[in-house]
Structures are given as C-alpha cells and as structure tokens.
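Structure first, then comments.
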Amino acid sequence: MTTNRPARSAALAVGTALALVAALAPAQARTHAAEPLPAVTPRAETPTLYDDEAGGSANADDPAIWRDAADPDSSLVIATAKEGGLRVYDLDARQVQSVPAPAAPGPDDAPGRFNNVDLVHGLRLPAGRADLAVVSDRGHDRLRVYRVDRGRPGGPLTDVTDPAAPRVFSAGQDEVNDQQTAYGLATWTDPASGRSYALASRRNRTEVALLELLATPGGTVTYRKVRTLTLPSAFRLPDGTSWTPCAEPGELPQVEGMVVDPANGVLYAGQEDVGIWRVRADLSGTPKLVDKVREYGVPGVYDEETEECAPGADPGFGGTRLAADVEGLTLLTEPDGDGYVLASSQGDDTFALYDRETGDDNEYEGGFRVTAGRTADGSEECDGAAVLNAPLGSRYPRGLLVVQDGHDTPSVPEGREATGFKFVDLGRVMDRIDD
C-alpha cells in the first residue's frame with residue numbers, strides 16, 4: 001500500500017452490515033497504556049529500495065520467510081517491491097535475486113505491481129512436490145506463482161504461473177486499469193482435503209476471494225475462484241449513529257494484511273481503517289471483529305484540494321492498541337500450540353500481539369517497537385511483516401522476524417522515497433515481550 005495516504009472512503013450504509021457490526025463490536029472503554037512498549041533492534045537490513053525511475057519504481061511492501069529444511073543457514077526472505085517486482089534475500093539481508101513484474105499489456109494499461117506474497121509448501125506438480133511463492137499482482141489483477149528452488153543456478157525463483165490464469169476480480173482490462181484489483185494475500189492448505197488456497201483482498205473494496213490453487217499437466221499453476229466474502233463498509237456505533245471511514249469518494253475501507261492459522265482454519269484480516277476480523281478461512285460463517293483501531297467511529301470530511309480527511313471529534317468508540325492503518329498480519333506459532341497473531345499498527349509504528357486461541361477470544365497479549373540500532377534503523381509505517389519461529393542456522397537460532405520499513409533513512413536527496421526490510425532476531429522479541 002501507499003504510505004501517508006488519506007483514510008479510506010465511506011460507502012452508503014448497508015442495513016445488514018450495520019446490524020452485523022452492532023452485534024459483533026460492542027463499545028470499548030478507551031484507555032492508555034501505563035508503560036511504554038518494549039523495543040527491539042534489527043540485526044540486519046536489506047539494501048534500500050527507491051520508488052522512482054532511477055530506482056526502478058521499487059517500493060518495499062510485504063515479506064515471506066522460506067526455510068531450507070536441509071540447510072537452515074541457506075533460508076531465504078522473499079519480498080515484494082511493487083512495480084519493482086520481487087526481491088530475494090539471504091539471511092544476511094543481501095539480495096540474491098530480483099524478479100521483474102510483468103510489463104503493461106498496452107501503452108495505456110497498468111504495469112505489473114506486486115503487492116503481497118505468501119508461501120505454499122509441497123504443492124503437487126507433475127514433476128513432484130514443490131514449495132511456491134504466491135504473489136498478488138495488483139497491476140494485472142492476477143496471482144503470480146513462483147517455484148522455490150534454492151540450488152537453481154539462475155536464482156531460487158522460477159515463474160510457474162499458467163499463462164491462462166484468470167483475473168481475480170476484474171471482468172476486463174478497463175476494470176483492471178481502475179485498479180480495484182487483487183491486493184492483500186494469504187495462503188492456506190486445508191489439512192482435511194490437502195487442497196491449497198490463496199485468499200486475495202480487493203483494493204478499495206471490502207471483498208475477499210477464496211481461490212483454489214491448481215496444478216496443470218504442463219507443470220504450471222492456475223487457480224479458480226471458490227467464493228467471496230464482503231466485509232462491512234458501514235458500521236453502527238454504540239450511540240445508534242452510522243459511521244463509515246472517510247476517504248476519497250468511491251473508495252471503500254479495504255483489507256490488506258491477512259494470515260491464516262492452519263491449526264483451526266481461521267483467517268485474520270486487517271481492514272485498514274477499521275480493525276482485525278476473524279472468520280473461517282473457507283469464508284463461510286460470520287466474521288467477528290477481534291479488535292478495532294483507535295480511529296474507529298471518528299467522523300471525517302474529505303478535502304479534494306489536499307486529498308486528505310479532516311477528522312472530527314473522537315466519540316471514544318475505538319480500540320486502544322491499534323492506530324490506523326492495521327497492516328502486516330502474520331502468525332507466530334509456538335511448539336506447544338500456543339502463539340500469537342502479530343499485527344503492524346502502522347499509525348504509531350508499533351506491533352501488537354494477540355493470543356491465537358479463539359477460545360480466549362484472541363486476547364491482547366502485548367506489543368513492541370522495532371527501533372534503530374547500531375547497524376540499522378528501525379521500522380516506521382510498517383506495511384508488511386513475516387515471522388518464523390524455527391531455527392534458521394547460526395544467524396537466527398531462535399527464529400526470525402522481518403518487517404517492512406516505510407521510511408528507510410539512508411543519506412539520499414530530499415524527496416526520494418526510500419523503503420526496505422529489517423531482519424530482527426525473534427529470540428530478542430520473545431525475551432522482551434516475556435519480561
């Protein structure tokens with residue numbers, strides 16, 4: 001997503017959506033944390049990406065961590081760079097491969113733009129099982145799929161996307177150019193059926209689509225849409241009034257950050273200006289709002305001249321842990337089955353942890369910041385995050401957290417947008433949140 005943007009837009013109130021949220025999201029008293037959140041520092045950072053012509057329009061967004069089971073020291077971080085395509089890094093945060101996004105199909109069409117990435121392990125292809133990186137191509141409204149092979153001479157990623165793979169949401173190229181296209185992404189393999197899926201959200205809309213990933217006889221990967229879920233765009237507040245997040249006319253409050261807990265088949269979806277939803281990963285059942293952003297319920301007026309929303313008085317119906325946008329959802333599992341849903345609170349540069357146990361109603365468990373250290377700066381306005389609680393060789397024996405940094409701070413000319421990714425020792429994070 002683009003940082004420093006106005007809040008997402010309002011839509012007309014929908015009666016069923018209002019009734020749903022009134023039942024599922026009771027008012028919360030707003031309190032302030034008594035103590036500051038603990039801080040951790042990165043161990044390494046990737047080379048800076050620049051979102052301009054000289055930098056190849058590369059803008060860091062979302063990472064995924066691939067573990068090499070045979071040689072954990074050779075594990076990789078695969079990350080999106082929007083129009084800059086994909087970047088692959090080793091555990092020292094050094095780039096080992098750059099994969100370009102597809103070109104625009106025509107001179108007036110949008111180019112490829114890779115937004116989110118997630119992994120599928122062991123999908124059966126004609127040549128055998130393979131690990132895959134699945135990417136949402138916002139520019140073309142398609143998913144792109146890359147096989148991961150650490151030892152391949154040309155680089156670990158090979159494009160195995162079927163050329164006939166369909167658009168996710170758009171009926172034609174004109175709709176694609178409007179860019180209400182595939183945006184956020186999470187993958188999921190159903191242990192009961194063994195089938196693998198991607199869940200894709202739609203930019204500037206509230207839809208989430210469930211897509212089954214399918215191998216073709218030629219060794220490529222395509223997908224079919226199973227069903228969609230539309231989250232609310234209008235909300236009934238405890239005082240009986242209706243509220244919709246403010247934004248540019250025609251835009252609805254979108255979802256980007258998503259993650260599936262494979263233990264129970266639950267999807268967590270971050271509706272950026274609203275909060276975190278929980279729903280079955282097959283998109284059946286009724287969504288539940290787990291937590292709300294602080295700005296929930298705050299009225300706003302969109303100013304076309306400044307392209308920003310002027311907020312009104314806060315009625316006090318929001319949460320206390322997340323500042324819009326809620327982004328970068330990822331799952332931190334523990335060997336005993338416990339663990340956390342981790343979310344980036346982009347508006348205040350913090351990270352929030354929620355108990356993954358739905359029986360405990362995903363209780364808030366704490367948070368932390370990623371701040372500047374001796375060798376790397378911290379993370380600000382974080383878009384995407386990935387965590388893996390598994391030994392990754394000598395560098396990260398207790399696991400790894402990778403977070404996007406929306407304001408990388410190298411010595412560059414003023415006005416040049418710089419982003420990157422920070423590698424954080426997960427052991428340090430666990431030590432700090434357990435203190």
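FYI, nothing fancy with the structure tokens labels: chains A, B, ... in order, residues from 1 per chain, ligands from 1 as they appear.
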I need the residues in range 34-252 of chain A that are helix (DSSP H, G or I) according to DSSP; give them as a ChimeraX atom specification. /A:72-74,173-177
Which of range 145-277 of chain A DSSP labels strand (DSSP E), written as a ChimeraX atom specification: /A:145-148,157-159,182-189,196-202,207-215,221-230,235-236,242-243,255-261,266-271,275-277
Excluding range 196-203 of chain A and residues on its chain fewer than 4 positions from it, collect all residues at most 9 Å away from it, counting only C-alpha atoms, and give them as a PyMOL selection string. chain A and resi 118+120+123+134+136+138+143+168-169+179-190+207-214+223+251-259+267+281-282
Shortest interatomic distance to Asp68 in chain A - which of A:Arg113, A:His140, A:Arg150, A:Lys225, counting only C-alpha atoms: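 Selected residue with least distance to Asp68 in chain A: A:Arg150.
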Contact residues around range 338-346 of chain A with only C-alpha atoms at 8 Å, ignoring same-chain residues under 6 positions, as a PyMOL selection string: chain A and resi 321-332+352-357+380-385
Go ahead and dump the residues you just picked, N, CA, C and O atoms, as a short mmCIF file (atom, residue, chain, number, x, y, z; two decimals), in the first residue's frame.
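File written: out_12.cif
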```
data_model
loop_
_atom_site.label_atom_id
_atom_site.label_comp_id
_atom_site.auth_asym_id
_atom_site.auth_seq_id
_atom_site.Cartn_x
_atom_site.Cartn_y
_atom_site.Cartn_z
N ARG A 321 -5.17 -0.32 21.08
CA ARG A 321 -3.86 -0.91 20.76
C ARG A 321 -3.41 -0.68 19.33
O ARG A 321 -2.22 -0.83 19.03
N LEU A 322 -4.33 -0.37 18.41
CA LEU A 322 -4.01 -0.25 17.01
C LEU A 322 -4.30 1.16 16.52
O LEU A 322 -5.36 1.70 16.81
N ALA A 323 -3.37 1.73 15.78
CA ALA A 323 -3.55 3.03 15.15
C ALA A 323 -3.57 2.81 13.64
O ALA A 323 -2.66 2.20 13.08
N ALA A 324 -4.62 3.28 12.99
CA ALA A 324 -4.78 3.05 11.55
C ALA A 324 -3.54 3.53 10.78
O ALA A 324 -2.99 4.58 11.11
N ASP A 325 -3.12 2.70 9.84
CA ASP A 325 -3.77 1.51 9.35
C ASP A 325 -3.30 0.29 10.12
O ASP A 325 -2.15 0.24 10.56
N VAL A 326 -4.20 -0.72 10.25
CA VAL A 326 -3.76 -2.03 10.73
C VAL A 326 -3.25 -2.79 9.52
O VAL A 326 -3.90 -2.88 8.49
N GLU A 327 -2.02 -3.30 9.62
CA GLU A 327 -1.32 -3.90 8.48
C GLU A 327 -0.57 -5.15 8.91
O GLU A 327 -0.62 -5.56 10.08
N GLY A 328 0.14 -5.74 7.97
CA GLY A 328 1.18 -6.73 8.22
C GLY A 328 0.82 -7.85 9.17
O GLY A 328 1.59 -8.13 10.09
N LEU A 329 -0.31 -8.53 8.99
CA LEU A 329 -0.66 -9.63 9.88
C LEU A 329 0.20 -10.85 9.58
O LEU A 329 0.43 -11.21 8.41
N THR A 330 0.68 -11.51 10.63
CA THR A 330 1.46 -12.73 10.49
C THR A 330 1.25 -13.57 11.74
O THR A 330 0.77 -13.07 12.76
N LEU A 331 1.59 -14.85 11.65
CA LEU A 331 1.31 -15.80 12.74
C LEU A 331 2.61 -16.26 13.37
O LEU A 331 3.49 -16.79 12.69
N LEU A 332 2.72 -16.06 14.69
CA LEU A 332 3.88 -16.50 15.46
C LEU A 332 3.45 -17.75 16.24
O LEU A 332 2.74 -17.65 17.23
N ALA A 352 1.40 -5.22 17.57
CA ALA A 352 0.50 -5.75 18.59
C ALA A 352 0.43 -7.26 18.49
O ALA A 352 0.45 -7.82 17.38
N LEU A 353 0.34 -7.94 19.61
CA LEU A 353 0.27 -9.39 19.69
C LEU A 353 -1.05 -9.81 20.31
O LEU A 353 -1.42 -9.34 21.39
N TYR A 354 -1.73 -10.75 19.65
CA TYR A 354 -3.00 -11.29 20.14
C TYR A 354 -2.87 -12.80 20.29
O TYR A 354 -2.28 -13.47 19.44
N ASP A 355 -3.44 -13.34 21.36
CA ASP A 355 -3.44 -14.78 21.57
C ASP A 355 -4.11 -15.46 20.38
O ASP A 355 -5.21 -15.07 19.98
N ARG A 356 -3.47 -16.48 19.81
CA ARG A 356 -4.06 -17.15 18.66
C ARG A 356 -5.23 -18.05 19.04
O ARG A 356 -5.96 -18.52 18.16
N GLU A 357 -5.45 -18.28 20.33
CA GLU A 357 -6.54 -19.14 20.78
C GLU A 357 -7.87 -18.40 20.64
O GLU A 357 -8.11 -17.39 21.32
N GLU A 380 9.28 2.13 10.48
CA GLU A 380 8.23 3.15 10.59
C GLU A 380 7.18 2.88 9.52
O GLU A 380 7.50 2.45 8.41
N GLU A 381 5.92 3.16 9.87
CA GLU A 381 4.79 2.96 8.95
C GLU A 381 4.89 1.61 8.25
O GLU A 381 4.82 1.51 7.03
N CYS A 382 5.03 0.55 9.04
CA CYS A 382 5.27 -0.79 8.51
C CYS A 382 4.06 -1.30 7.74
O CYS A 382 2.95 -1.37 8.26
N ASP A 383 4.30 -1.70 6.49
CA ASP A 383 3.27 -2.31 5.65
C ASP A 383 3.13 -3.80 5.90
O ASP A 383 2.04 -4.30 6.15
N GLY A 384 4.22 -4.54 5.76
CA GLY A 384 4.15 -5.99 5.81
C GLY A 384 5.12 -6.56 6.83
O GLY A 384 6.15 -5.96 7.15
N ALA A 385 4.78 -7.76 7.33
CA ALA A 385 5.63 -8.44 8.30
C ALA A 385 5.51 -9.94 8.10
O ALA A 385 4.49 -10.44 7.62
#
```
So that I can check the surroundings of range 54-64 of chain A, please list as a ChimeraX atom specification every protein, DNA and RNA residue that reaches within 8 Å of it, counting only C-alpha atoms and ignoring chain neighbours fewer than 6 positions away. /A:1,77-85,115-119,328,383-387,402-406,418-421
Would you kindly return, as a PDB file with all heavy atoms, in the first residue's frame, each protein, DNA or RNA residue with an atom no farther than 6 Å from any atom of Gly318 in chain A, considering only C-alpha atoms and excluding same-chain residues fewer than 6 positions away?
```pdb
ATOM      1  N   LYS A 292     -10.421  -3.179  17.278  1.00  0.00           N
ATOM      2  CA  LYS A 292     -10.676  -2.014  16.439  1.00  0.00           C
ATOM      3  C   LYS A 292      -9.504  -1.041  16.537  1.00  0.00           C
ATOM      4  O   LYS A 292      -8.802  -0.986  17.548  1.00  0.00           O
ATOM      5  CB  LYS A 292     -11.958  -1.307  16.889  1.00  0.00           C
ATOM      6  CG  LYS A 292     -13.210  -2.150  16.737  1.00  0.00           C
ATOM      7  CD  LYS A 292     -14.436  -1.455  17.297  1.00  0.00           C
ATOM      8  CE  LYS A 292     -14.437  -1.472  18.813  1.00  0.00           C
ATOM      9  NZ  LYS A 292     -15.717  -0.993  19.386  1.00  0.00           N
ATOM     10  N   VAL A 293      -9.313  -0.256  15.472  1.00  0.00           N
ATOM     11  CA  VAL A 293      -8.315   0.802  15.522  1.00  0.00           C
ATOM     12  C   VAL A 293      -8.833   1.930  16.416  1.00  0.00           C
ATOM     13  O   VAL A 293     -10.038   2.062  16.661  1.00  0.00           O
ATOM     14  CB  VAL A 293      -8.001   1.336  14.117  1.00  0.00           C
ATOM     15  CG1 VAL A 293      -7.406   0.245  13.242  1.00  0.00           C
ATOM     16  CG2 VAL A 293      -9.231   1.940  13.459  1.00  0.00           C
ATOM     17  N   ARG A 294      -7.916   2.753  16.895  1.00  0.00           N
ATOM     18  CA  ARG A 294      -8.309   3.868  17.766  1.00  0.00           C
ATOM     19  C   ARG A 294      -9.244   4.832  17.046  1.00  0.00           C
ATOM     20  O   ARG A 294     -10.108   5.449  17.665  1.00  0.00           O
ATOM     21  CB  ARG A 294      -7.069   4.629  18.230  1.00  0.00           C
ATOM     22  CG  ARG A 294      -6.139   3.833  19.129  1.00  0.00           C
ATOM     23  CD  ARG A 294      -5.020   4.702  19.693  1.00  0.00           C
ATOM     24  NE  ARG A 294      -4.087   3.918  20.486  1.00  0.00           N
ATOM     25  CZ  ARG A 294      -2.921   3.477  20.041  1.00  0.00           C
ATOM     26  NH1 ARG A 294      -2.552   3.753  18.804  1.00  0.00           N
ATOM     27  NH2 ARG A 294      -2.129   2.765  20.815  1.00  0.00           N
ATOM     28  N   GLU A 295      -9.072   4.948  15.737  1.00  0.00           N
ATOM     29  CA  GLU A 295      -9.843   5.920  14.957  1.00  0.00           C
ATOM     30  C   GLU A 295     -11.238   5.429  14.598  1.00  0.00           C
ATOM     31  O   GLU A 295     -11.998   6.141  13.935  1.00  0.00           O
ATOM     32  CB  GLU A 295      -9.070   6.253  13.672  1.00  0.00           C
ATOM     33  CG  GLU A 295      -7.722   6.915  13.921  1.00  0.00           C
ATOM     34  CD  GLU A 295      -6.596   5.927  14.204  1.00  0.00           C
ATOM     35  OE1 GLU A 295      -6.874   4.701  14.308  1.00  0.00           O
ATOM     36  OE2 GLU A 295      -5.439   6.365  14.346  1.00  0.00           O
ATOM     37  N   TYR A 296     -11.579   4.224  15.023  1.00  0.00           N
ATOM     38  CA  TYR A 296     -12.904   3.670  14.727  1.00  0.00           C
ATOM     39  C   TYR A 296     -13.998   4.603  15.255  1.00  0.00           C
ATOM     40  O   TYR A 296     -13.997   4.973  16.429  1.00  0.00           O
ATOM     41  CB  TYR A 296     -13.034   2.295  15.379  1.00  0.00           C
ATOM     42  CG  TYR A 296     -14.336   1.576  15.141  1.00  0.00           C
ATOM     43  CD1 TYR A 296     -14.473   0.677  14.095  1.00  0.00           C
ATOM     44  CD2 TYR A 296     -15.432   1.784  15.977  1.00  0.00           C
ATOM     45  CE1 TYR A 296     -15.657   0.003  13.879  1.00  0.00           C
ATOM     46  CE2 TYR A 296     -16.634   1.118  15.770  1.00  0.00           C
ATOM     47  CZ  TYR A 296     -16.741   0.236  14.718  1.00  0.00           C
ATOM     48  OH  TYR A 296     -17.925  -0.430  14.505  1.00  0.00           O
TER      49      TYR A 296
END
```
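If only C-alpha atoms are the atoms counted, then among A:Glu334, A:Asp108, A:Glu363, A:Asp273 the closest residue to Asn389 in chain A is A:Glu334.
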Straight-line distance linking CA of Pro311 in chain A with CA of Cys246 in chain A, stated in Å to one decimal: 8.5 Å
Would you list the contacts of Thr46 in chain A as a compact mmCIF listing (two decimals) with all heavy atoms, in the first residue's frame, taking every protein, DNA or RNA residue within 8 Å and counting only C-alpha atoms, but skipping same-chain residues closer than 3 positions in sequence?
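That gives us part_25.txt:
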```txt
# COMPACT_ATOMS: atom_id res chain seq x y z
N TYR A 89 16.28 -12.36 -0.67
CA TYR A 89 17.42 -12.03 0.18
C TYR A 89 17.88 -13.27 0.94
O TYR A 89 17.06 -14.15 1.28
CB TYR A 89 17.05 -10.94 1.20
CG TYR A 89 16.49 -9.68 0.59
CD1 TYR A 89 15.12 -9.43 0.62
CD2 TYR A 89 17.32 -8.74 0.00
CE1 TYR A 89 14.59 -8.25 0.07
CE2 TYR A 89 16.81 -7.57 -0.54
CZ TYR A 89 15.44 -7.34 -0.51
OH TYR A 89 14.92 -6.17 -1.05
N ALA A 93 20.57 -10.49 4.71
CA ALA A 93 19.81 -9.40 4.07
C ALA A 93 20.44 -8.94 2.77
O ALA A 93 20.17 -7.83 2.32
CB ALA A 93 19.59 -8.23 5.03
N ARG A 94 21.27 -9.78 2.16
CA ARG A 94 21.87 -9.47 0.87
C ARG A 94 20.97 -9.98 -0.25
O ARG A 94 20.44 -11.09 -0.16
CB ARG A 94 23.25 -10.10 0.74
CG ARG A 94 24.27 -9.59 1.75
CD ARG A 94 25.58 -10.33 1.65
NE ARG A 94 25.40 -11.77 1.85
CZ ARG A 94 26.38 -12.61 2.16
NH1 ARG A 94 27.63 -12.14 2.29
NH2 ARG A 94 26.15 -13.89 2.33
N GLN A 95 20.80 -9.19 -1.29
CA GLN A 95 19.95 -9.59 -2.41
C GLN A 95 20.61 -10.71 -3.21
O GLN A 95 21.77 -10.61 -3.59
CB GLN A 95 19.66 -8.41 -3.32
CG GLN A 95 18.76 -8.74 -4.49
CD GLN A 95 18.42 -7.51 -5.32
OE1 GLN A 95 17.89 -6.53 -4.80
NE2 GLN A 95 18.74 -7.56 -6.61
N GLY A 420 12.57 -0.37 2.75
CA GLY A 420 13.37 -1.57 2.86
C GLY A 420 12.76 -2.53 3.86
O GLY A 420 11.61 -2.37 4.30
N PHE A 421 13.54 -3.55 4.24
CA PHE A 421 13.10 -4.56 5.20
C PHE A 421 14.15 -4.71 6.30
O PHE A 421 15.35 -4.66 6.03
CB PHE A 421 12.89 -5.91 4.51
CG PHE A 421 11.80 -5.88 3.46
CD1 PHE A 421 12.13 -5.67 2.13
CD2 PHE A 421 10.48 -6.06 3.81
CE1 PHE A 421 11.15 -5.64 1.15
CE2 PHE A 421 9.48 -6.03 2.84
CZ PHE A 421 9.81 -5.82 1.52
N LYS A 422 13.67 -4.92 7.53
CA LYS A 422 14.55 -5.11 8.68
C LYS A 422 14.43 -6.55 9.17
O LYS A 422 13.32 -7.09 9.26
CB LYS A 422 14.17 -4.16 9.83
CG LYS A 422 13.98 -2.71 9.40
CD LYS A 422 15.19 -2.11 8.73
CE LYS A 422 14.92 -0.68 8.28
NZ LYS A 422 16.03 -0.08 7.54
```
Can you work out which one of A:Pro191, A:Gly240, A:Gly139, A:Pro410 has the shortest atom-to-atom distance to Glu175 in chain A, counting only C-alpha atoms? A:Gly139
Determine the nearest neighbour of Arg67 in chain A from the options A:Gly265, A:Thr230, A:Ala313, A:Asp149, counting only C-alpha atoms.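 Comparing A:Gly265, A:Thr230, A:Ala313, A:Asp149 against Arg67 in chain A, the winner is A:Asp149.
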